[in-house]
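For reference, input.cif (mmCIF, C-alpha atoms):
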```cif
data_final
#
loop_
_atom_site.label_atom_id
_atom_site.label_comp_id
_atom_site.auth_asym_id
_atom_site.auth_seq_id
_atom_site.Cartn_x
_atom_site.Cartn_y
_atom_site.Cartn_z
CA MET A 1 -0.96 -10.59 -21.79
CA THR A 2 -3.32 -7.79 -20.74
CA TYR A 3 -4.55 -7.07 -17.23
CA ASP A 4 -8.06 -8.14 -18.31
CA GLU A 5 -6.57 -11.51 -19.24
CA VAL A 6 -4.85 -11.65 -15.86
CA LEU A 7 -8.23 -11.09 -14.19
CA GLU A 8 -9.80 -13.88 -16.24
CA GLN A 9 -7.04 -16.22 -15.06
CA SER A 10 -7.47 -15.15 -11.45
CA LYS A 11 -11.21 -15.90 -11.61
CA LYS A 12 -10.37 -19.57 -12.10
CA VAL A 13 -8.52 -19.87 -8.79
CA MET A 14 -9.89 -17.13 -6.53
CA LYS A 15 -12.72 -17.88 -4.14
CA GLY A 16 -13.21 -14.70 -2.11
CA CYS A 17 -12.89 -12.17 -4.93
CA HIS A 18 -15.14 -11.54 -7.95
CA CYS A 19 -12.17 -10.29 -10.01
CA CYS A 20 -14.16 -7.28 -11.19
CA PRO A 21 -12.90 -5.27 -14.20
CA VAL A 22 -12.68 -2.32 -11.78
CA CYS A 23 -12.05 -3.13 -8.13
CA ASN A 24 -14.37 -0.54 -6.59
CA GLY A 25 -15.58 -2.41 -3.50
CA ARG A 26 -19.17 -2.78 -4.63
CA ALA A 27 -19.38 -6.48 -5.48
CA CYS A 28 -17.59 -7.70 -2.35
CA SER A 29 -19.16 -5.05 -0.09
CA ASN A 30 -18.99 -6.32 3.52
CA HIS A 31 -17.93 -9.89 2.74
CA MET A 32 -15.26 -10.85 5.26
CA PRO A 33 -13.56 -13.30 5.07
CA GLY A 34 -12.99 -12.00 1.59
CA PRO A 35 -11.74 -8.69 0.22
CA GLY A 36 -14.69 -6.63 1.49
CA ALA A 37 -14.90 -3.89 4.09
CA LYS A 38 -16.20 -3.86 7.66
CA GLY A 39 -19.80 -3.17 8.74
CA THR A 40 -21.80 -1.66 5.91
CA GLY A 41 -18.93 -2.25 3.50
CA THR A 42 -19.17 1.30 2.20
CA VAL A 43 -15.70 2.60 3.12
CA ALA A 44 -13.94 0.68 0.33
CA VAL A 45 -16.52 2.05 -2.11
CA ARG A 46 -16.01 5.58 -0.74
CA ASN A 47 -12.24 5.24 -1.16
CA TYR A 48 -12.64 4.45 -4.85
CA ASP A 49 -15.35 7.03 -5.54
CA ALA A 50 -13.36 9.86 -3.94
CA TRP A 51 -10.57 9.51 -6.51
CA GLN A 52 -13.14 9.63 -9.32
CA ASP A 53 -14.42 12.96 -7.98
CA VAL A 54 -10.99 14.54 -8.55
CA ARG A 55 -10.70 16.01 -12.06
CA ILE A 56 -7.58 16.36 -14.20
CA GLN A 57 -6.56 19.72 -15.67
CA MET A 58 -5.23 18.96 -19.15
CA ASP A 59 -2.55 21.25 -20.62
CA THR A 60 -0.77 20.23 -23.79
CA LEU A 61 0.90 23.60 -24.40
CA CYS A 62 4.17 22.30 -23.00
CA ALA A 63 7.42 20.68 -24.06
CA ASN A 64 6.88 17.59 -26.20
CA GLN A 65 9.16 15.23 -24.28
CA PRO A 66 8.70 11.96 -22.39
CA ALA A 67 7.72 12.32 -18.73
CA ASP A 68 10.10 10.91 -16.15
CA THR A 69 8.31 8.69 -13.59
CA THR A 70 11.47 7.86 -11.60
CA PHE A 71 10.95 7.83 -7.84
CA HIS A 72 13.69 8.09 -5.20
CA LEU A 73 13.15 6.94 -1.61
CA PHE A 74 15.56 6.27 1.26
CA GLY A 75 18.55 5.77 -1.04
CA GLN A 76 16.66 3.57 -3.52
CA THR A 77 15.49 4.37 -7.03
CA PHE A 78 12.24 2.97 -8.42
CA GLN A 79 10.65 3.17 -11.84
CA TYR A 80 7.35 4.47 -10.48
CA PRO A 81 6.01 6.00 -7.22
CA ILE A 82 3.98 2.84 -6.69
CA PHE A 83 4.27 0.08 -4.08
CA ALA A 84 2.36 -3.16 -3.76
CA GLY A 85 0.53 -2.92 -0.45
CA PRO A 86 0.79 -5.49 2.36
CA VAL A 87 -1.76 -8.29 2.33
CA GLY A 88 -2.07 -11.10 4.87
CA HIS A 89 -4.03 -14.34 5.18
CA VAL A 90 -4.52 -14.53 1.42
CA ASN A 91 -5.62 -18.17 1.62
CA LEU A 92 -8.54 -17.13 3.86
CA HIS A 93 -9.61 -14.07 1.88
CA TYR A 94 -8.73 -14.91 -1.73
CA GLY A 95 -8.38 -18.66 -2.18
CA ASP A 96 -6.23 -21.48 -0.93
CA VAL A 97 -4.12 -22.07 -4.03
CA LEU A 98 -1.68 -19.67 -2.33
CA ASP A 99 -0.78 -18.99 1.28
CA ASP A 100 1.11 -15.98 2.63
CA VAL A 101 4.49 -17.66 2.14
CA LYS A 102 3.90 -18.56 -1.50
CA TYR A 103 2.26 -15.20 -2.16
CA ASN A 104 5.24 -13.19 -0.86
CA ASP A 105 7.68 -15.51 -2.65
CA ILE A 106 6.04 -14.36 -5.90
CA LEU A 107 5.21 -10.76 -4.98
CA VAL A 108 8.58 -9.53 -3.70
CA PRO A 109 10.82 -10.59 -6.63
CA GLY A 110 8.04 -9.81 -9.11
CA CYS A 111 7.82 -6.23 -7.87
CA LYS A 112 11.59 -5.82 -7.90
CA THR A 113 11.74 -7.03 -11.50
CA ALA A 114 8.93 -4.61 -12.39
CA GLY A 115 10.92 -1.69 -10.96
CA ILE A 116 8.94 -1.14 -7.76
CA ALA A 117 8.90 -2.66 -4.26
CA ALA A 118 6.41 -4.65 -2.22
CA PHE A 119 5.25 -4.17 1.34
CA THR A 120 4.85 -7.64 2.86
CA GLY A 121 2.25 -8.55 5.46
CA ASP A 122 2.49 -10.03 8.93
CA GLY A 123 0.27 -12.64 10.50
CA MET A 124 -0.51 -15.02 13.32
CA GLN A 125 2.20 -17.48 12.32
CA ASP A 126 5.87 -16.60 12.81
CA LEU A 127 6.61 -18.27 9.48
CA THR A 128 4.90 -15.45 7.57
CA MET A 129 7.38 -12.78 8.66
CA GLU A 130 10.34 -15.17 8.65
CA THR A 131 9.87 -16.22 5.03
CA ALA A 132 8.95 -12.72 3.84
CA CYS A 133 12.20 -11.40 5.28
CA ARG A 134 14.18 -14.22 3.68
CA THR A 135 12.62 -13.38 0.31
CA ILE A 136 13.43 -9.69 0.76
CA GLN A 137 17.01 -10.61 1.66
CA ALA A 138 17.28 -12.70 -1.52
CA CYS A 139 16.10 -9.62 -3.44
CA GLY A 140 18.84 -7.41 -2.04
CA GLY A 141 16.66 -5.73 0.57
CA ILE A 142 14.10 -4.43 -1.96
CA GLY A 143 10.95 -4.83 0.09
CA VAL A 144 9.27 -3.35 3.15
CA PRO A 145 8.32 -5.82 5.89
CA THR A 146 5.19 -4.60 7.66
CA ILE A 147 4.93 -5.54 11.33
CA LYS A 148 1.58 -5.67 13.12
CA PRO A 149 1.27 -3.48 16.26
CA TRP A 150 2.41 -6.24 18.62
CA ASP A 151 3.75 -5.78 22.13
CA LEU A 152 7.36 -4.60 22.43
CA ALA A 153 8.90 -8.05 22.97
CA THR A 154 7.20 -9.52 19.89
CA TYR A 155 8.07 -6.44 17.84
CA GLN A 156 11.75 -6.81 18.79
CA LYS A 157 11.80 -10.42 17.57
CA LYS A 158 10.23 -9.40 14.27
CA LEU A 159 12.57 -6.43 13.95
CA ASP A 160 15.55 -8.78 14.26
CA LEU A 161 14.24 -10.59 11.17
CA VAL A 162 13.95 -7.25 9.37
CA LYS A 163 17.53 -6.37 10.26
CA ASP A 164 18.78 -9.69 8.89
CA SER A 165 16.83 -9.16 5.66
CA GLY A 166 18.65 -5.94 4.81
CA ALA A 167 15.32 -4.31 3.98
CA PHE A 168 15.71 -0.63 3.11
CA ALA A 169 12.75 0.31 5.36
CA VAL A 170 10.27 -1.20 7.79
CA ALA A 171 6.60 -0.42 8.37
CA MET A 172 3.95 -0.91 11.03
CA ASP A 173 0.25 -0.89 10.14
CA VAL A 174 -1.03 0.62 13.37
CA ASP A 175 -4.59 0.58 12.01
CA ALA A 176 -4.44 -3.23 12.18
CA ALA A 177 -5.35 -2.75 15.84
CA GLY A 178 -8.94 -2.93 14.57
CA LEU A 179 -8.59 -6.37 12.98
CA PRO A 180 -10.72 -8.97 14.79
CA PHE A 181 -7.95 -11.59 14.95
CA LEU A 182 -5.65 -9.21 16.85
CA LYS A 183 -8.13 -8.46 19.60
CA ASN A 184 -7.49 -10.47 22.78
CA HIS A 185 -4.61 -12.21 20.99
CA ILE A 186 -1.58 -13.61 22.78
CA PRO A 187 0.97 -12.06 22.41
CA PRO A 188 -0.98 -8.82 22.79
CA ALA A 189 -1.32 -6.33 19.98
CA GLY A 190 -3.28 -3.16 19.48
CA ARG A 191 -3.27 0.59 19.82
CA LYS A 192 -0.05 2.40 20.69
CA THR A 193 0.65 5.61 22.56
CA GLU A 194 3.02 8.09 20.98
CA ALA A 195 5.63 7.14 23.61
CA GLU A 196 5.24 3.41 22.85
CA LEU A 197 5.56 4.05 19.13
CA LYS A 198 8.66 6.18 19.68
CA GLU A 199 10.29 3.42 21.69
CA MET A 200 9.74 1.02 18.81
CA ILE A 201 10.90 3.46 16.14
CA ASP A 202 14.07 4.23 18.09
CA LEU A 203 15.04 0.55 17.86
CA SER A 204 14.86 0.49 14.06
CA PRO A 205 18.13 0.91 12.12
CA VAL A 206 16.22 1.74 8.92
CA PRO A 207 13.55 4.33 8.08
CA PHE A 208 10.26 3.53 9.83
CA ILE A 209 6.92 3.93 8.02
CA VAL A 210 3.70 4.27 10.02
CA LYS A 211 0.70 3.00 8.06
CA GLY A 212 -2.87 3.79 9.08
CA ILE A 213 -2.90 7.56 9.53
CA MET A 214 -6.25 9.26 8.92
CA THR A 215 -6.07 12.53 10.88
CA VAL A 216 -3.79 15.53 11.27
CA LYS A 217 -3.49 14.67 14.95
CA GLY A 218 -2.37 11.14 14.14
CA ALA A 219 0.11 12.38 11.54
CA LYS A 220 1.69 14.75 14.03
CA LYS A 221 1.99 12.00 16.64
CA ALA A 222 3.70 9.69 14.15
CA MET A 223 6.04 12.47 13.07
CA GLN A 224 6.94 13.36 16.67
CA ALA A 225 7.56 9.69 17.41
CA GLY A 226 10.21 9.66 14.69
CA ALA A 227 8.49 8.19 11.64
CA ALA A 228 10.31 8.77 8.36
CA ALA A 229 7.09 8.31 6.40
CA ILE A 230 3.38 7.81 6.97
CA VAL A 231 0.73 6.05 4.92
CA VAL A 232 -2.66 7.72 4.85
CA SER A 233 -4.81 4.60 5.05
CA ASN A 234 -8.05 3.28 6.50
CA HIS A 235 -6.97 -0.32 5.84
CA GLY A 236 -9.32 -0.53 2.89
CA GLY A 237 -12.28 -0.04 5.20
CA ARG A 238 -11.55 -3.33 6.91
CA VAL A 239 -10.97 -2.04 10.45
CA LEU A 240 -13.62 0.66 11.03
CA ASP A 241 -16.87 1.52 9.30
CA GLY A 242 -17.95 5.11 8.66
CA VAL A 243 -14.54 6.71 8.19
CA PRO A 244 -13.70 9.19 5.39
CA ALA A 245 -12.05 8.21 2.14
CA THR A 246 -8.29 8.59 2.12
CA ALA A 247 -8.48 11.15 -0.70
CA GLU A 248 -10.68 13.32 1.51
CA VAL A 249 -8.15 13.62 4.35
CA LEU A 250 -4.91 13.49 2.36
CA PRO A 251 -4.57 17.24 1.57
CA GLN A 252 -4.91 18.40 5.18
CA ILE A 253 -2.44 15.77 6.39
CA VAL A 254 0.07 16.76 3.69
CA SER A 255 -0.27 20.38 4.74
CA ALA A 256 0.17 19.55 8.43
CA VAL A 257 3.41 17.56 8.07
CA ASP A 258 4.84 20.22 5.73
CA HIS A 259 7.40 17.98 3.96
CA LYS A 260 8.96 16.86 7.26
CA VAL A 261 8.09 13.22 6.50
CA LYS A 262 7.23 11.36 3.33
CA VAL A 263 3.51 10.88 2.79
CA PHE A 264 2.08 7.85 1.00
CA VAL A 265 -1.58 6.98 0.49
CA ASP A 266 -3.65 3.92 -0.35
CA GLY A 267 -7.31 2.99 -0.62
CA GLY A 268 -9.19 2.62 -3.92
CA ILE A 269 -6.31 3.70 -6.19
CA ARG A 270 -6.87 1.63 -9.30
CA SER A 271 -5.22 3.38 -12.26
CA GLY A 272 -2.23 5.49 -13.17
CA VAL A 273 -4.64 8.42 -13.44
CA ASP A 274 -5.55 7.85 -9.77
CA VAL A 275 -1.84 7.76 -8.94
CA PHE A 276 -1.43 11.14 -10.64
CA LYS A 277 -4.34 12.55 -8.63
CA ALA A 278 -2.79 11.32 -5.38
CA LEU A 279 0.54 12.95 -6.21
CA ALA A 280 -1.23 16.18 -7.19
CA LEU A 281 -2.93 16.18 -3.78
CA GLY A 282 0.52 16.04 -2.17
CA ALA A 283 1.37 12.36 -1.74
CA ASP A 284 4.91 11.24 -2.52
CA ALA A 285 3.85 7.74 -3.55
CA VAL A 286 0.94 5.30 -3.38
CA LEU A 287 0.28 1.77 -2.18
CA ILE A 288 -2.00 -0.53 -4.19
CA ALA A 289 -3.00 -3.84 -2.63
CA ARG A 290 -6.02 -5.73 -3.99
CA PRO A 291 -5.14 -5.49 -7.73
CA TYR A 292 -1.71 -6.95 -6.99
CA VAL A 293 -3.42 -9.92 -5.33
CA ASN A 294 -5.34 -10.48 -8.58
CA ALA A 295 -2.08 -10.14 -10.50
CA VAL A 296 -0.30 -12.76 -8.41
CA TYR A 297 -3.20 -15.22 -8.40
CA GLY A 298 -3.84 -14.72 -12.10
CA ALA A 299 -0.37 -14.83 -13.62
CA GLN A 300 2.24 -14.67 -10.85
CA GLU A 301 5.30 -12.60 -11.81
CA GLU A 302 3.96 -11.92 -15.30
CA GLY A 303 0.78 -10.57 -13.74
CA ILE A 304 2.80 -8.20 -11.57
CA LYS A 305 4.70 -6.99 -14.62
CA VAL A 306 1.49 -6.47 -16.62
CA LEU A 307 -0.25 -4.52 -13.85
CA THR A 308 2.78 -2.37 -13.03
CA GLU A 309 3.40 -1.49 -16.66
CA LYS A 310 -0.28 -0.64 -17.10
CA LEU A 311 -0.26 1.68 -14.08
CA GLY A 312 3.05 3.22 -15.12
CA ALA A 313 1.92 3.87 -18.70
CA GLU A 314 -1.29 5.51 -17.48
CA LEU A 315 0.66 7.70 -15.05
CA LYS A 316 3.18 8.70 -17.73
CA ASP A 317 0.43 9.54 -20.23
CA THR A 318 -1.41 11.69 -17.69
CA MET A 319 1.78 13.55 -16.78
CA GLU A 320 2.53 14.30 -20.42
CA MET A 321 -1.02 15.50 -21.09
CA CYS A 322 -0.84 17.84 -18.09
CA GLY A 323 2.64 19.25 -18.68
CA ALA A 324 4.46 17.47 -15.83
CA GLU A 325 7.96 16.57 -16.99
CA ASP A 326 8.73 14.65 -13.78
CA LEU A 327 7.11 13.73 -10.46
CA ALA A 328 8.27 16.92 -8.77
CA ALA A 329 6.35 18.96 -11.36
CA ILE A 330 2.99 17.47 -10.41
CA ASP A 331 1.03 19.92 -8.25
CA ARG A 332 -2.46 21.05 -7.22
CA THR A 333 -2.87 23.25 -10.31
CA MET A 334 -3.13 20.07 -12.38
CA ILE A 335 -6.34 18.88 -10.72
CA HIS A 336 -9.73 20.42 -10.09
#
```
Before anything else, please render the file you have as structure tokens.
Amino acid sequence: MTYDEVLEQSKKVMKGCHCCPVCNGRACSNHMPGPGAKGTGTVAVRNYDAWQDVRIQMDTLCANQPADTTFHLFGQTFQYPIFAGPVGHVNLHYGDVLDDVKYNDILVPGCKTAGIAAFTGDGMQDLTMETACRTIQACGGIGVPTIKPWDLATYQKKLDLVKDSGAFAVAMDVDAAGLPFLKNHIPPAGRKTEAELKEMIDLSPVPFIVKGIMTVKGAKKAMQAGAAAIVVSNHGGRVLDGVPATAEVLPQIVSAVDHKVKVFVDGGIRSGVDVFKALALGADAVLIARPYVNAVYGAQEEGIKVLTEKLGAELKDTMEMCGAEDLAAIDRTMIH
């Protein structure tokens, strides 16, 4: 099965997504509910376009040996520096043949089998986090539960679920403070001060990942609060219109944290070539969300395998054509 065939299958069951050959944000624009972006809908498009503006520097005068795509993180070894990004309320945005529980039940083991790991989403219903953590536990802790920026008491309850799951890391998508359903919600959720974030991070027994960083100032706050990693992310353009593409701000954030924390990035990354570009700009790994939704809806675990192998093969080919024998060898000289 090819990924194009997976997309054709997903078209039959998806309602909020056009299942485009290239998920570039143009067809869905500002359609929410659905996979679109907020306001003008242009941020998701900008995310994708920014990666296309980065050029690869080919160099085949190098050793003729297979490139090693192995990625190590927090004591775990993965086949590629790729994670499936967290997605919530899939039944609302993508079609009701799946809900968040069924989606994560497919995504988490499918990613583990494919040699990567999934970030799971959080939602309004307690069941979403409870079942995601149970699935991660069944997969030996290979998964990253992502908690919304709730109040401290709610966070502690969710963190207890994470602890029981044995997950190797936990994340919080602080940019979710801009999601409409979180505003004026009980229990409260929203923006966090550095001190509030630190209090939450201090309670975590596993490495804490802060997702939703778009500025040097924000990166430094997350680092000072104790984050082990950050994700440069604008939530796919779904929380604020008019912001830069993630590729535009990634280099300055990488420079500012100076290897003191791991740096991941998401937003419009759609191929292994894009993954290579992100690593060359200084990211340690990437998150990819929407295409994995298509993969799950279209062919479940087989779809995850097909997409991951496609991304991995493209990354490996680009590395070999640019003279990078492993991930550590990828640097800024390989892009233009």
What do you get, as a list in words, if you spell out every residue that the PyMOL selection byres ((chain A and resi 282-294) around 6) selects here?
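When the PyMOL selection byres ((chain A and resi 282-294) around 6) is applied to the shown file, the picked residues are Ser10, Pro81, Ile82, Phe83, Ala84, Gly85, Val254, Val263, Phe264, Val265, Asp266, Ala278, Leu279, Ala280, Leu281, Ala295, Val296, Tyr297 and Gly298 of chain A.
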Enumerate, as a PyMOL selection string, the residues matched when the PyMOL selection byres ((chain A and resi 38) around 8) is run on the file above.
chain A and resi 30-32+36-37+39-41+43+237-241
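Taking CA of Thr246 (chain A) and CA of Met200 (chain A) as the two end points, the separation is 25.7 Å.
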I'd like to know which of A:Val6, A:Leu203, A:Val22, A:Val54 is closest to Lys277 (chain A), using all atoms listed in the file.
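Among A:Val6, A:Leu203, A:Val22, A:Val54, it is A:Val54 that comes nearest to Lys277 (chain A).
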Residues returned when the PyMOL selection byres ((chain A and resi 139) around 12) runs on this file, as a ChimeraX atom specification:
/A:104-113,116-118,132-138,140-144,165-168
Leaving out Gly25 (chain A) and any residue of its chain fewer than 3 positions from it, which residues lie within 6 Å of it when counting all atoms listed in the file, given as a VMD selection string?
chain A and resid 28 to 29 44 to 45
Taking into account all atoms listed in the file, which residue in the set A:Ala329, A:Ala228, A:Ala63, A:Ala219 is nearest to Ser255 (chain A)?
A:Ala219
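Considering only C-alpha atoms, the residue among A:Val261, A:Ile213, A:Val249, A:Leu307 positioned nearest to Gly226 (chain A) is A:Val261.
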Output, as JSON, the centre and edge lengths in Å (one decimal) of the axis-aligned box that contains all listed atoms of region 110-117 of chain A with 4 Å of margin on each side.
```
{"center_x": 9.8, "center_y": -5.5, "center_z": -8.3, "size_x": 11.9, "size_y": 16.7, "size_z": 16.1}
```
Please determine, counting all atoms listed in the file, which residue among A:Gln300, A:Asn64, A:Asn24, A:Thr69 has the shortest atom-to-atom distance to Asp49 (chain A).
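Ranking A:Gln300, A:Asn64, A:Asn24, A:Thr69 by distance to Asp49 (chain A), first place goes to A:Asn24.
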Figure out the distance between CA of Glu309 (chain A) and CA of Leu73 (chain A), please, to one decimal in Å.
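Those two atoms sit 19.8 Å apart.
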What does region 123-138 of chain A look like written to a file with C-alpha atoms, as a compact mmCIF listing (two decimals), in the first residue's frame?
```
# COMPACT_ATOMS: atom_id res chain seq x y z
CA GLY A 123 -9.61 16.95 25.86
CA MET A 124 -12.74 17.98 27.69
CA GLN A 125 -13.57 14.44 28.78
CA ASP A 126 -11.45 12.70 31.42
CA LEU A 127 -11.78 9.49 29.42
CA THR A 128 -9.48 10.85 26.69
CA MET A 129 -6.43 11.09 28.94
CA GLU A 130 -7.34 7.98 30.94
CA THR A 131 -7.52 5.70 27.91
CA ALA A 132 -4.50 7.27 26.20
CA CYS A 133 -2.41 6.58 29.28
CA ARG A 134 -3.69 3.00 29.47
CA THR A 135 -2.71 2.48 25.83
CA ILE A 136 0.74 3.94 26.47
CA GLN A 137 1.13 1.65 29.48
CA ALA A 138 0.22 -1.35 27.31
```
